[in-house]
Amino acid sequence: MMAASLLRRDKKATAAHLKADLNRTDNSSGVRQLQELLDVVVNPEKPASDTEALDWCKCLIAGGEGFEEFCKTVRSYDNATLCGLVWTANFVAYRCRTCGISPCMSLCAECFNNGDHTGHDFNMFRSQAGGACDCGDSNVMRESGFCRRHHLKTGENVPSIPRDLLLMSEMVLPRFILCIIQYLRDGYVEPDSSAERDLQKVLQQLDPQISFLEELTKMGGAMRTVLTKILTNQQTFKELCMGQEENLFAKKNYEKYLSALKDSGLVYMEDKGQGASSDVAVGAEGGAGAMVLLGTTAPGSPDESNKEEDPDAGLSVGQRKRVKLSSSTKDPCIIETLKHKCFLEELLFWTIKYEFPQKMVTFLLNMLPDQDYKITFTKTFVQHYAFIMTTLMKSHESDTMSNRIVHISVQLFSNEELARHVTEECQLLDIMVTVLLYMMDSCLVKSELQDEEGSRHVVVNCSEALLKNNTYWPLVSDFINILSHQSVAKKFLEDHSLLMLWMSFVSVFQGMNLNKRELNEHVEFESQTYYAAFAAELEACAQPMWGLLTHCKVKETQEYTKTVVRYCLDTLQTWFDAIGFIDEPAPNQVTFHLPLHRYYAMFLSKAVKCQGLDLDSLLPDQEMLMKIMVHPLQIQASLSEIHSNMWVRNGLQIKGQAMTYVQSHFCNSMIDPDIYLLQVCASRLDPDYFISSVFERFKVVDLLTMASQHQNAVLDSEQERPMLEGALTFLVILTSLRIHLGMTDDEILRSEMVSQLCMNDRTHSALLDLIPENPNPKSGVVPGSCSFEEMLSAVADFKAPVFEPGGSMQQGMYTPKAEVWEKEFDPIMVILRTVYRRDVQSAMDRYSAFLKQSGMHTGNPWPPYKERTPLHPCYRGLIKLLHCKTLHIVIFTLLYKIWMDHQNMSEHVLCMVLYLIELGLDNQVQESKEDEEPCIEEHCHDSWFPGTNLLSNLHHVINFVRVRVPETAPEVKREAPPSTSTEASSYGQNLREAQVFSLVAERRRKFQEIINRSNTEAAQVVRPKSSSTRWVPPGTPPQLVTEILEIRESMLSLLIKLHQKLSSKQNSLSETWLEDMDSNRHAHGDGITAIERILTKAATRSCQIKRSIQDICGKVCPPVPPKKNSPSDKKTMDKEERRQRARERQQKLLAEFASRQKSFMETAMDVESPETEAAMEVGATEVVESEVFYDCVICGQSGPSTEDRPIGLVVLLQASSVLGHRCKSEEAKKLPTSDEEHIYAADTCGVANDLRLTLMQRFFKDSSCLQSVSIGWDGGVYVQTCGHTLHVDCHKSYMESLRNDQVLQGFSVDKGEFTCPLCRQFANSVLPCRPGRDVEAGAWHAPTNKKMCLLVKEVEDLQERIGRFPTETNLSKEMEFVTKDIKNTTKKKYRDYGKNPGSPDNDFLFMYSVARTNLELELVHRGGNLCSGGASAAAKRSCLNQLFHVLAMHMRLYSIDLAYNPWTKLTQVVQSREPDGYEDERPEVPMLFRDVPSLLIIFVLTMPQPLRREHFSCVVKMLYNLQFIQALAALSSKFSPEERQAWSATGALKKNATNADKSFEALLSHTIGELSKSESIYRANPEETSMLISSVWSPQSIEFSLQQSCLPFLRLSCLLQHHLYGDGLTGCLEEEEFLSLAVCLGLLPSAPQPSSMVHSATCLQWAVNAFDLVTQWCAEVTGPSQMQTEQSLTLLVQDYQWVAPRLLQLPDNYNIIFQYYHRKACTACKKVPKDPALCLVCGAFVCLKGACCKQQGTCECVLHSQHCGAATGIFLLINASVIIIIRGHRFCLWGSVYLDAHGEEDRDLRRGKPLFLCEERYRVLEQQWVSHTFDHINKRWGPHYNGL
């Protein structure tokens, strides 16, 4: 057989041969051969894991050449102008709002960085669901934003593709794709839990095949065109797919496919008639289904089918027909399309079946840049839409699946062109709405709102998974996406049947999640369904609504609005009928979800605001308005009830609902439309009716009585006050809020911004988040409106981020400008927008602070009254509320009650009452003589006031009021009716005049009137009055009796009396005060100011009022309230006095407390502020006093430290490598941000010292090497203290108590960690203090006249004293413990440098190096020199004195072998000893190679303590000589040979002068001479040296160089002397530092010489002949040795000049770091880390938490911190922009050093705005690192368990 022979040959050759055949004109044989070959090779009966087929395909397609080359060739013909890069979740992409046309626009990083977006509003984001790059697609973004690559229409200059290149692909690929499809058919099983794994398996096996397809798509446009042809070609599909007769496998395979198709309910209908009748549902004419979801095979009558299909039809969902996806009668031709006609359709079908595998999704999306494909694919996707939804509902992984669906759909539907196309051709809108309806259909329950039994309304059940898990969001998000296109939205608004369907969809959310108030016990289980409910209303109802509203902005769209409003009203009416609503809401239930009301409200608002429609034409009749008003009002009253704790038994979730309802993301879709709707109702309904409804809803009707006592049938008395405040506040909001009543968008934005800023200072991002989105999109500038940024700079000042020394880092904040507080602070808006009640208080506190500061008002101010923008003419009716008798009676009653001090009145009540009066005065009704209704007797309050105008009613006096009071009330105790006839007659008259007032009755009557008027059946019976008392509970309260009160007051007189009461002076207003008023001072102040402002306003509006005011003020006689008032007056006075006294007491206490605290802070070391220079010189004065006393901070006793009961310092021991990271260059190293840049660690101090020691150990004796250098540059132990002391035994018991205390976090007691009991600073050890010995102080400090040689001898004797082993005392034990602690602080590798680990020499080296480390670090903290003198922050933490004693005691255990004692070599010329037969033993380290400061520390530590001053001074002088000669030797090696010759000659002349040993020339010449004896020192290659020497050495430059070389030694000696003897350090200029130190150490007499005269050589003091000693030292170097010149030089030229340690220098823009590192592969595991991190000390790139780089259970960051910083690591987390600190076994989040333009951090890069380096923060970080204060300053530490 032909195929068989082909198979045997080499694949490449075969491919080339076939390609040649096919290229002939007669290619039939080639075709036949290829087909046969493919039959064998691409055979789906082989297992998919066999990749042979794949290899064949690759070879065949490439036609003989290598596949890689083929790819390259095809790419060169790429004509694509779109980028189209597809990414999956977590990919970092960009979005630029300036360039985007669609809000979903996104760019890949490459296209973004190659485009120009400077100054644009862009951000970086981590993709949630995946996406694709839109660069080059002008439908989605503006061309100006395209990158360089896609800007040019590249397609034009690409050569056309040769035909034969892709010939093979066209032949081979159809078979390959078929093969994949057959695998998919074969592997599919209906998913249940076990099968899910099988599906995964099938997909895993197919992975290489699908990846291959993906590779093909990446070859560019040419290959995509081929693929598109294959995928969409119906002919190929027919030929290949239908299962050929002879092939059994294919046949079975095809049957599998058909059955899968059937199960999905995606059957195409043969008989169209049947489809139409199958279900007479709501969607019958508007539904879109290209599919019928088959429930039954042959439905009979609709009723029967209902029973069969709905398992829950038995639950009687009312008579409502289920919405089924019915086949559409609109367009029968759609129906056949579900026979899959091409590969693409079937591929998508399987993609859905397999629940959207990532690879398939990526392949399908990668093809999108091809336009033909895009259109076909979109159509296919729409056809399968319903199927996608059913699969999604069944899926167990609905989250992942949702993301993948959206990943696809957002690419298709964001494109307006495409969306319009499918809307027109495939009925996309019908499909979507029907699918959504169907989806909700699965979770409907009966509504219990209003009429629980008879309700016919169904709502969604919020506890169903569908809502709880937001399963519906992909569909809703698609819907919102397509509605954003104008052409599509218009289509939607024009299609009435669709609108009806949509309204029925919205109505299933109307009244969901009903809350019923628990009256008896607390609810058992608090359901959290309200999250789901709010999310559903926002996403499924409100967002589509906002989408539609954006297209209803202009006059031309009036018709749309009218239609929507009409359907809203119809649906509302249907809803009222369904829930059986008549006029009263059911008590004790509330739902926050009224989407129908809100649709209606928002479309009304738009109609009036933007489209110039007349409001009345859109409003229903009065009766409907009354119904519409009820539920929103119910919500407002319930809010008040919830805050009055009336719903407390419903648990916390009800508070959560009340808060969500007003929260910034919801308020403009919830509370704002509700209030607007109520405003509309109020402006059109009878004001008396409206006001009385409000008070009745708020349940405070019974409270509004003149009587001092009353019974409230529905409220407890503690709830009355908050409910009354709630009702009044609501009225104020209702009458003063103008958001939808005439404010422009700019004004709205401004007031929102001001109210948020007044509550608290806000960061920019918080403000963006808090300001409701929809009415004013914050991004992009709406034409004619002001942008967010401009508005922000107009109302607020920016407070730059300050760094507080406590370590808490501030963000950049915005704070309101002064004039905003003064003119724009609007407490009403604040109340409306606060989620937490405390924010209102916070705003008021900030307001009063501002007034105090600016001196406007000092007391407790009241909320200021703010003038409002004028009302839109449509809403003028709202003002009638302020001018209606009912409100005036309420105001009058409340004023009276407040004046009479009735219970449950409050300042807030008065404040709101005055606000209402003032609103009434500012908003006058235009007087129109309407035909007043004739006065009927029944109008019970026409008799109160003559008219409705507030102005005329203000001064109307009310004489008598008839009230019903309980028998027990004080008003009842009256004398008997008067006897005389005249009195009697007047009494009777009063009875007739007395006013009665019943709100409820009034409301009922009005309601009846309105109903009568609208029904025009005047004959309707008036309801019986008795209903007014219907709330009386059946108990037997005290009987109510009617009494008559004599009042004789008007509102005006009450206001004036309240003014007197508030100012607590009688006649507080004189007759003439009105004339003296200056109107400006009224804006801010308290209640007195408010009353004055009102009276002034009233007087200016009406002369009559002015007269009345003067009359009332004229009757200066004190007011005579009832008797009850006088004692209370006295009471208030006493109260005031008592308060005053209490306040004074408090002040006194506080002052005392503050002073105590201050003194504590002065004694305690205060880390928080390094600036305070109150240095505590711990132990500085020890030696002077005979006995030092310490305070124990635990037991509080004070006493000396003794051998038995030692006292110790609280210390923190930590290993540190800060010194080792010092470099020589002033510049900090740069962080590499490209592959070319690198950091070299070789030039650091730690490395240099390591090399030096290793080199020494190669040539010299080990024990000697270990005394010639210091270690501890890396991993040295730093000891710091907070300065507090405690008894060692007290400390032990303290640790015990900590161990038993369970609540501790942040440190480990088992590791000995604790916090100082006094100042809470972190510590981990106690350093014992040496008992102060009794010594005559003088002897230690007396200047000595002893000869130098005598002192040298004494020092030698002291060193020969054998170390006495101290007796075992508690003190010595403690010292042992501390030594152990110190050793354990650092890792073993930092302790053992010797050849034989653990030897005493090693220990010796480690111990003296601890002292060196601490001295060096203190120097660094002092700025690297001692010029600043005195105390420093570092000195406060230093405990060197105590540390020295502990170390010294430890060191005395090692006696130095005298033969090797460096002291002898330093001070005596020794006869060279004969070699003692130890030929092989290495020599000791020459003196010139030794590290002088190390020697100083060794001497001091090994001599008996305390050391006398003169001996210390002698040691320093001897060592200075050595240091000086070392400097000369090092210097001489830098000369050129000629210079060396010259200086040698000059010096030789001076050798015989008297003080030759103090002249550097003589010594230099001698040194050069001696060192020249050996070839090895100066024989360095001459070219090199000449390179080094550019300058000629003058005496001055030599002197300078010598001083610089000696300075480090002098500094350390001086610091040591300061700590041992308590000498002060004198400050000086930097130039004079050498002189100052030399004097301080006694190297120079103290006579100050001019600094230019000081020569370093004059400080030399020799004990023996200088020249002999130098000769001896040089001989050690030049002696027989195997060292090379370079090596000798390395050891001779020691480097002391290290610059202070620095962290790496970071780039200014964070993006530079991010782009380079977030995709960089880790050097260890070669993968791109999930959480990459950077070490800021050395620049290492590590995997945070990555298991890939774990070693022995420790993750890489922790490992690196141990290696690089001896367990201290500073890491920048690339993906989060924050810095974490690792310290030992703990870590903490430090914060970020990168801030955005508004001074804010962006943790986790959530906002993705550009970030810039904040230098101040970075300096603080560096300073904390250098000063080792991370533990003290950062508070939140936790254990990392090696997992970072």
# chains A, B, ... in the order shown; residues from 1 in each chain; ligands from 1
>>> residues_around(residues="Ser693 (chain A)", least_positions_apart="3", cutoff="9 Å", atoms="only C-alpha atoms", output="PyMOL selection string")
chain A and resi 630+633+688-690+696-698+999-1000+1003
>>> residues_around(residues="region 1235-1244 of chain A", least_positions_apart="3", cutoff="6 Å", atoms="only C-alpha atoms", output="count of residues only")
5
>>> residues_around(residues="region 1253-1266 of chain A", least_positions_apart="2", cutoff="10 Å", atoms="only C-alpha atoms", output="count of residues only")
38
>>> select_by_dssp(residues="region 720-761 of chain A", states="helix (DSSP H, G or I)", output="ChimeraX atom specification")
/A:720-736,745-759
>>> select_by_dssp(residues="region 52-283 of chain A", states="strand (DSSP E or B)", output="list in words")
Val86, Trp87, Val92, Ala93, Tyr94, Arg95, Cys96, Gly100, Leu107, Cys108, Phe122, Asn123, Met124, Phe125, Arg126, Gly131, Ala132 and Met141 of chain A
>>> closest_residue(among="A:Glu1009, A:Glu1686, A:Glu52, A:Asp1623", to="Ile1577 (chain A)", atoms="only C-alpha atoms")
A:Glu1686
>>> closest_atom_pairs(of="region 562-671 of chain A", to="region 723-735 of chain A", cutoff="7 Å", atoms="only C-alpha atoms", output="CSV")
residue,atom,partner,partner_atom,distance
A:Ser640,CA,A:Gly726,CA,5.5
A:Glu641,CA,A:Met723,CA,6.7
A:Ser644,CA,A:Met723,CA,6.7
>>> closest_residue(among="A:Lys446, A:His1284, A:Lys1573, A:His1421", to="Val1677 (chain A)", atoms="only C-alpha atoms")
A:Lys1573
>>> closest_residue(among="A:His150, A:Lys1534, A:His457, A:His1287", to="Gly1199 (chain A)", atoms="only C-alpha atoms")
A:His1287
>>> residues_around(residues="region 1632-1639 of chain A", least_positions_apart="3", cutoff="8 Å", atoms="only C-alpha atoms", output="list in words")
Leu1426, Cys1427, Gln1603, Leu1607, Leu1610, Arg1611, Cys1614, Thr1626, Cys1628, Leu1629, Gly1642, Leu1643, Leu1644, Pro1645, Ser1646, Ser1651, Val1654 and Cys1659 of chain A
>>> write_last_selection(atoms="all heavy atoms", output="short mmCIF file (atom, residue, chain, number, x, y, z; two decimals), in the first residue's frame")
data_model
loop_
_atom_site.label_atom_id
_atom_site.label_comp_id
_atom_site.auth_asym_id
_atom_site.auth_seq_id
_atom_site.Cartn_x
_atom_site.Cartn_y
_atom_site.Cartn_z
N LEU A 1426 33.94 61.83 65.25
CA LEU A 1426 33.56 62.29 66.59
C LEU A 1426 33.45 63.81 66.64
O LEU A 1426 33.58 64.42 67.69
CB LEU A 1426 34.58 61.81 67.63
CG LEU A 1426 34.59 60.28 67.81
CD1 LEU A 1426 35.65 59.87 68.81
CD2 LEU A 1426 33.24 59.79 68.28
N CYS A 1427 33.24 64.43 65.47
CA CYS A 1427 33.22 65.89 65.45
C CYS A 1427 32.05 66.45 66.24
O CYS A 1427 32.12 67.53 66.81
CB CYS A 1427 33.12 66.40 64.02
SG CYS A 1427 34.52 65.89 63.06
N GLN A 1603 47.44 61.57 58.47
CA GLN A 1603 46.38 61.84 59.46
C GLN A 1603 45.15 61.00 59.14
O GLN A 1603 44.54 60.41 60.04
CB GLN A 1603 46.00 63.33 59.43
CG GLN A 1603 47.07 64.23 60.06
CD GLN A 1603 46.53 65.62 60.34
OE1 GLN A 1603 45.33 65.84 60.38
NE2 GLN A 1603 47.43 66.56 60.54
N LEU A 1607 43.44 58.40 61.75
CA LEU A 1607 42.19 58.84 62.39
C LEU A 1607 41.29 57.69 62.88
O LEU A 1607 40.80 57.74 64.01
CB LEU A 1607 41.38 59.73 61.42
CG LEU A 1607 41.55 61.23 61.63
CD1 LEU A 1607 40.79 61.99 60.57
CD2 LEU A 1607 41.06 61.66 63.02
N LEU A 1610 42.42 56.61 66.18
CA LEU A 1610 42.23 57.61 67.23
C LEU A 1610 40.75 57.69 67.64
O LEU A 1610 40.42 57.83 68.81
CB LEU A 1610 42.69 58.98 66.73
CG LEU A 1610 44.19 59.11 66.47
CD1 LEU A 1610 44.54 60.53 66.03
CD2 LEU A 1610 44.99 58.76 67.73
N ARG A 1611 39.90 57.60 66.65
CA ARG A 1611 38.46 57.69 66.97
C ARG A 1611 38.05 56.56 67.90
O ARG A 1611 37.37 56.77 68.89
CB ARG A 1611 37.63 57.60 65.69
CG ARG A 1611 37.68 58.87 64.85
CD ARG A 1611 36.84 58.72 63.59
NE ARG A 1611 37.02 59.85 62.70
CZ ARG A 1611 37.14 59.75 61.38
NH1 ARG A 1611 37.08 58.56 60.81
NH2 ARG A 1611 37.28 60.82 60.64
N CYS A 1614 39.46 56.98 71.39
CA CYS A 1614 38.79 58.05 72.11
C CYS A 1614 37.43 57.59 72.62
O CYS A 1614 37.03 57.87 73.75
CB CYS A 1614 38.59 59.21 71.14
SG CYS A 1614 38.85 60.77 71.91
N THR A 1626 34.65 66.18 73.16
CA THR A 1626 34.43 67.58 72.76
C THR A 1626 34.15 67.63 71.28
O THR A 1626 34.78 66.92 70.49
CB THR A 1626 35.70 68.39 73.05
OG1 THR A 1626 36.79 67.63 72.52
CG2 THR A 1626 35.90 68.60 74.52
N CYS A 1628 34.12 69.38 67.53
CA CYS A 1628 35.11 70.22 66.84
C CYS A 1628 34.75 70.28 65.38
O CYS A 1628 33.83 69.59 64.92
CB CYS A 1628 36.50 69.64 67.00
SG CYS A 1628 36.58 67.99 66.29
N LEU A 1629 35.49 71.09 64.62
CA LEU A 1629 35.29 71.12 63.17
C LEU A 1629 35.94 69.88 62.57
O LEU A 1629 36.88 69.33 63.14
CB LEU A 1629 35.97 72.37 62.60
CG LEU A 1629 35.38 73.67 63.09
CD1 LEU A 1629 36.25 74.84 62.67
CD2 LEU A 1629 33.97 73.83 62.52
N GLY A 1642 45.74 62.48 75.08
CA GLY A 1642 47.00 62.78 75.75
C GLY A 1642 48.21 62.57 74.87
O GLY A 1642 49.33 62.44 75.35
N LEU A 1643 48.01 62.48 73.55
CA LEU A 1643 49.17 62.33 72.65
C LEU A 1643 49.85 63.67 72.46
O LEU A 1643 51.01 63.76 72.07
CB LEU A 1643 48.73 61.78 71.30
CG LEU A 1643 48.10 60.40 71.31
CD1 LEU A 1643 47.59 60.04 69.93
CD2 LEU A 1643 49.10 59.37 71.78
N LEU A 1644 49.08 64.75 72.66
CA LEU A 1644 49.63 66.09 72.53
C LEU A 1644 49.34 66.83 73.82
O LEU A 1644 48.31 66.60 74.46
CB LEU A 1644 48.93 66.84 71.39
CG LEU A 1644 49.33 66.47 69.95
CD1 LEU A 1644 48.47 67.25 69.01
CD2 LEU A 1644 50.79 66.79 69.73
N PRO A 1645 50.20 67.73 74.20
CA PRO A 1645 49.88 68.58 75.35
C PRO A 1645 48.65 69.41 75.00
O PRO A 1645 48.40 69.71 73.84
CB PRO A 1645 51.12 69.46 75.50
CG PRO A 1645 51.78 69.40 74.16
CD PRO A 1645 51.51 68.05 73.61
N SER A 1646 47.91 69.81 76.00
CA SER A 1646 46.62 70.40 75.68
C SER A 1646 46.71 71.82 75.16
O SER A 1646 45.71 72.42 74.84
CB SER A 1646 45.72 70.36 76.90
OG SER A 1646 46.40 70.89 77.99
N SER A 1651 45.63 74.73 63.88
CA SER A 1651 45.55 73.37 63.33
C SER A 1651 46.52 73.14 62.19
O SER A 1651 46.95 72.03 61.95
CB SER A 1651 44.12 73.09 62.86
OG SER A 1651 43.76 74.09 61.92
N VAL A 1654 49.72 71.35 63.28
CA VAL A 1654 49.79 70.01 63.86
C VAL A 1654 50.41 69.04 62.88
O VAL A 1654 49.98 68.95 61.73
CB VAL A 1654 48.37 69.51 64.22
CG1 VAL A 1654 48.47 68.09 64.75
CG2 VAL A 1654 47.76 70.41 65.24
N CYS A 1659 53.02 63.53 67.58
CA CYS A 1659 52.32 62.78 68.63
C CYS A 1659 53.09 61.52 69.03
O CYS A 1659 52.70 60.82 69.95
CB CYS A 1659 50.95 62.35 68.14
SG CYS A 1659 49.94 63.72 67.59
#
>>> residues_around(residues="region 419-430 of chain A", least_positions_apart="2", cutoff="7 Å", atoms="only C-alpha atoms", output="number ranges by chain")
A: 286-288, 379, 382, 413, 415-417, 432-434, 482, 487-488, 498
>>> atom_distance(atom1="CA of Glu397 (chain A)", atom2="CA of Thr471 (chain A)")
10.2 Å
>>> residues_around(residues="region 843-852 of chain A", least_positions_apart="5", cutoff="9 Å", atoms="only C-alpha atoms", output="VMD selection string")
chain A and resid 755 757 to 760 818 821 to 822 825 827 830 838 857 to 863 1084 to 1085
>>> residues_around(residues="Val802 (chain A)", least_positions_apart="2", cutoff="8 Å", atoms="only C-alpha atoms", output="VMD selection string")
chain A and resid 800 804 809 to 812
>>> write_last_selection(atoms="all heavy atoms", output="PDB file, in the first residue's frame")
ATOM      1  N   ALA A 800       0.891  66.950  52.418  1.00  0.00           N
ATOM      2  CA  ALA A 800       1.883  65.975  51.963  1.00  0.00           C
ATOM      3  C   ALA A 800       2.089  64.914  53.035  1.00  0.00           C
ATOM      4  O   ALA A 800       1.865  65.164  54.211  1.00  0.00           O
ATOM      5  CB  ALA A 800       3.195  66.688  51.679  1.00  0.00           C
ATOM      6  N   GLU A 804       6.075  60.331  60.740  1.00  0.00           N
ATOM      7  CA  GLU A 804       6.133  60.607  62.170  1.00  0.00           C
ATOM      8  C   GLU A 804       7.229  59.754  62.783  1.00  0.00           C
ATOM      9  O   GLU A 804       7.385  58.600  62.428  1.00  0.00           O
ATOM     10  CB  GLU A 804       4.781  60.299  62.803  1.00  0.00           C
ATOM     11  CG  GLU A 804       3.720  61.205  62.205  1.00  0.00           C
ATOM     12  CD  GLU A 804       2.391  61.064  62.909  1.00  0.00           C
ATOM     13  OE1 GLU A 804       2.207  60.051  63.603  1.00  0.00           O
ATOM     14  OE2 GLU A 804       1.568  61.965  62.758  1.00  0.00           O
ATOM     15  N   MET A 809       3.492  55.620  59.258  1.00  0.00           N
ATOM     16  CA  MET A 809       3.688  56.432  58.072  1.00  0.00           C
ATOM     17  C   MET A 809       2.375  57.007  57.589  1.00  0.00           C
ATOM     18  O   MET A 809       1.399  56.308  57.459  1.00  0.00           O
ATOM     19  CB  MET A 809       4.351  55.604  56.994  1.00  0.00           C
ATOM     20  CG  MET A 809       5.829  55.552  57.249  1.00  0.00           C
ATOM     21  SD  MET A 809       6.652  54.391  56.228  1.00  0.00           S
ATOM     22  CE  MET A 809       6.116  52.887  56.943  1.00  0.00           C
ATOM     23  N   GLN A 810       2.380  58.301  57.365  1.00  0.00           N
ATOM     24  CA  GLN A 810       1.152  58.968  56.927  1.00  0.00           C
ATOM     25  C   GLN A 810       1.057  58.903  55.417  1.00  0.00           C
ATOM     26  O   GLN A 810       2.060  58.858  54.727  1.00  0.00           O
ATOM     27  CB  GLN A 810       1.208  60.441  57.351  1.00  0.00           C
ATOM     28  CG  GLN A 810       1.312  60.626  58.846  1.00  0.00           C
ATOM     29  CD  GLN A 810       0.099  60.045  59.539  1.00  0.00           C
ATOM     30  OE1 GLN A 810      -1.029  60.278  59.156  1.00  0.00           O
ATOM     31  NE2 GLN A 810       0.337  59.241  60.565  1.00  0.00           N
ATOM     32  N   GLN A 811      -0.173  58.946  54.912  1.00  0.00           N
ATOM     33  CA  GLN A 811      -0.361  59.041  53.468  1.00  0.00           C
ATOM     34  C   GLN A 811      -0.636  60.505  53.137  1.00  0.00           C
ATOM     35  O   GLN A 811      -0.962  61.283  54.015  1.00  0.00           O
ATOM     36  CB  GLN A 811      -1.585  58.231  53.059  1.00  0.00           C
ATOM     37  CG  GLN A 811      -1.598  56.848  53.650  1.00  0.00           C
ATOM     38  CD  GLN A 811      -1.323  55.797  52.602  1.00  0.00           C
ATOM     39  OE1 GLN A 811      -0.441  55.962  51.779  1.00  0.00           O
ATOM     40  NE2 GLN A 811      -2.055  54.725  52.626  1.00  0.00           N
ATOM     41  N   GLY A 812      -0.539  60.826  51.862  1.00  0.00           N
ATOM     42  CA  GLY A 812      -0.929  62.176  51.467  1.00  0.00           C
ATOM     43  C   GLY A 812      -2.440  62.311  51.606  1.00  0.00           C
ATOM     44  O   GLY A 812      -3.180  61.458  51.148  1.00  0.00           O
TER      45      GLY A 812
END
>>> atom_distance(atom1="CA of Cys874 (chain A)", atom2="CA of Met829 (chain A)")
22.4 Å
>>> atom_distance(atom1="CA of Leu436 (chain A)", atom2="CA of Thr571 (chain A)")
18.1 Å
>>> decode(residues="region 1793-1799 of chain A", atoms="N, CA, C and O atoms", output="PDB file, in the first residue's frame")
ATOM      1  N   VAL A1793       7.983  52.515  50.059  1.00  0.00           N
ATOM      2  CA  VAL A1793       8.741  53.753  49.848  1.00  0.00           C
ATOM      3  C   VAL A1793       8.352  54.382  48.520  1.00  0.00           C
ATOM      4  O   VAL A1793       8.881  55.403  48.132  1.00  0.00           O
ATOM      5  N   TYR A1794       7.419  53.731  47.821  1.00  0.00           N
ATOM      6  CA  TYR A1794       6.938  54.297  46.565  1.00  0.00           C
ATOM      7  C   TYR A1794       5.517  54.811  46.752  1.00  0.00           C
ATOM      8  O   TYR A1794       4.655  54.074  47.212  1.00  0.00           O
ATOM      9  N   LEU A1795       5.289  56.086  46.419  1.00  0.00           N
ATOM     10  CA  LEU A1795       3.955  56.679  46.580  1.00  0.00           C
ATOM     11  C   LEU A1795       3.493  57.216  45.232  1.00  0.00           C
ATOM     12  O   LEU A1795       4.306  57.569  44.381  1.00  0.00           O
ATOM     13  N   ASP A1796       2.169  57.318  45.076  1.00  0.00           N
ATOM     14  CA  ASP A1796       1.683  57.857  43.797  1.00  0.00           C
ATOM     15  C   ASP A1796       1.684  59.387  43.846  1.00  0.00           C
ATOM     16  O   ASP A1796       2.131  59.995  44.816  1.00  0.00           O
ATOM     17  N   ALA A1797       1.145  59.987  42.800  1.00  0.00           N
ATOM     18  CA  ALA A1797       1.210  61.444  42.695  1.00  0.00           C
ATOM     19  C   ALA A1797       0.458  62.119  43.840  1.00  0.00           C
ATOM     20  O   ALA A1797       0.681  63.291  44.140  1.00  0.00           O
ATOM     21  N   HIS A1798      -0.434  61.360  44.509  1.00  0.00           N
ATOM     22  CA  HIS A1798      -1.188  61.961  45.608  1.00  0.00           C
ATOM     23  C   HIS A1798      -0.643  61.528  46.960  1.00  0.00           C
ATOM     24  O   HIS A1798      -1.341  61.582  47.966  1.00  0.00           O
ATOM     25  N   GLY A1799       0.605  61.052  46.964  1.00  0.00           N
ATOM     26  CA  GLY A1799       1.231  60.717  48.243  1.00  0.00           C
ATOM     27  C   GLY A1799       0.670  59.476  48.904  1.00  0.00           C
ATOM     28  O   GLY A1799       0.744  59.336  50.118  1.00  0.00           O
TER      29      GLY A1799
END
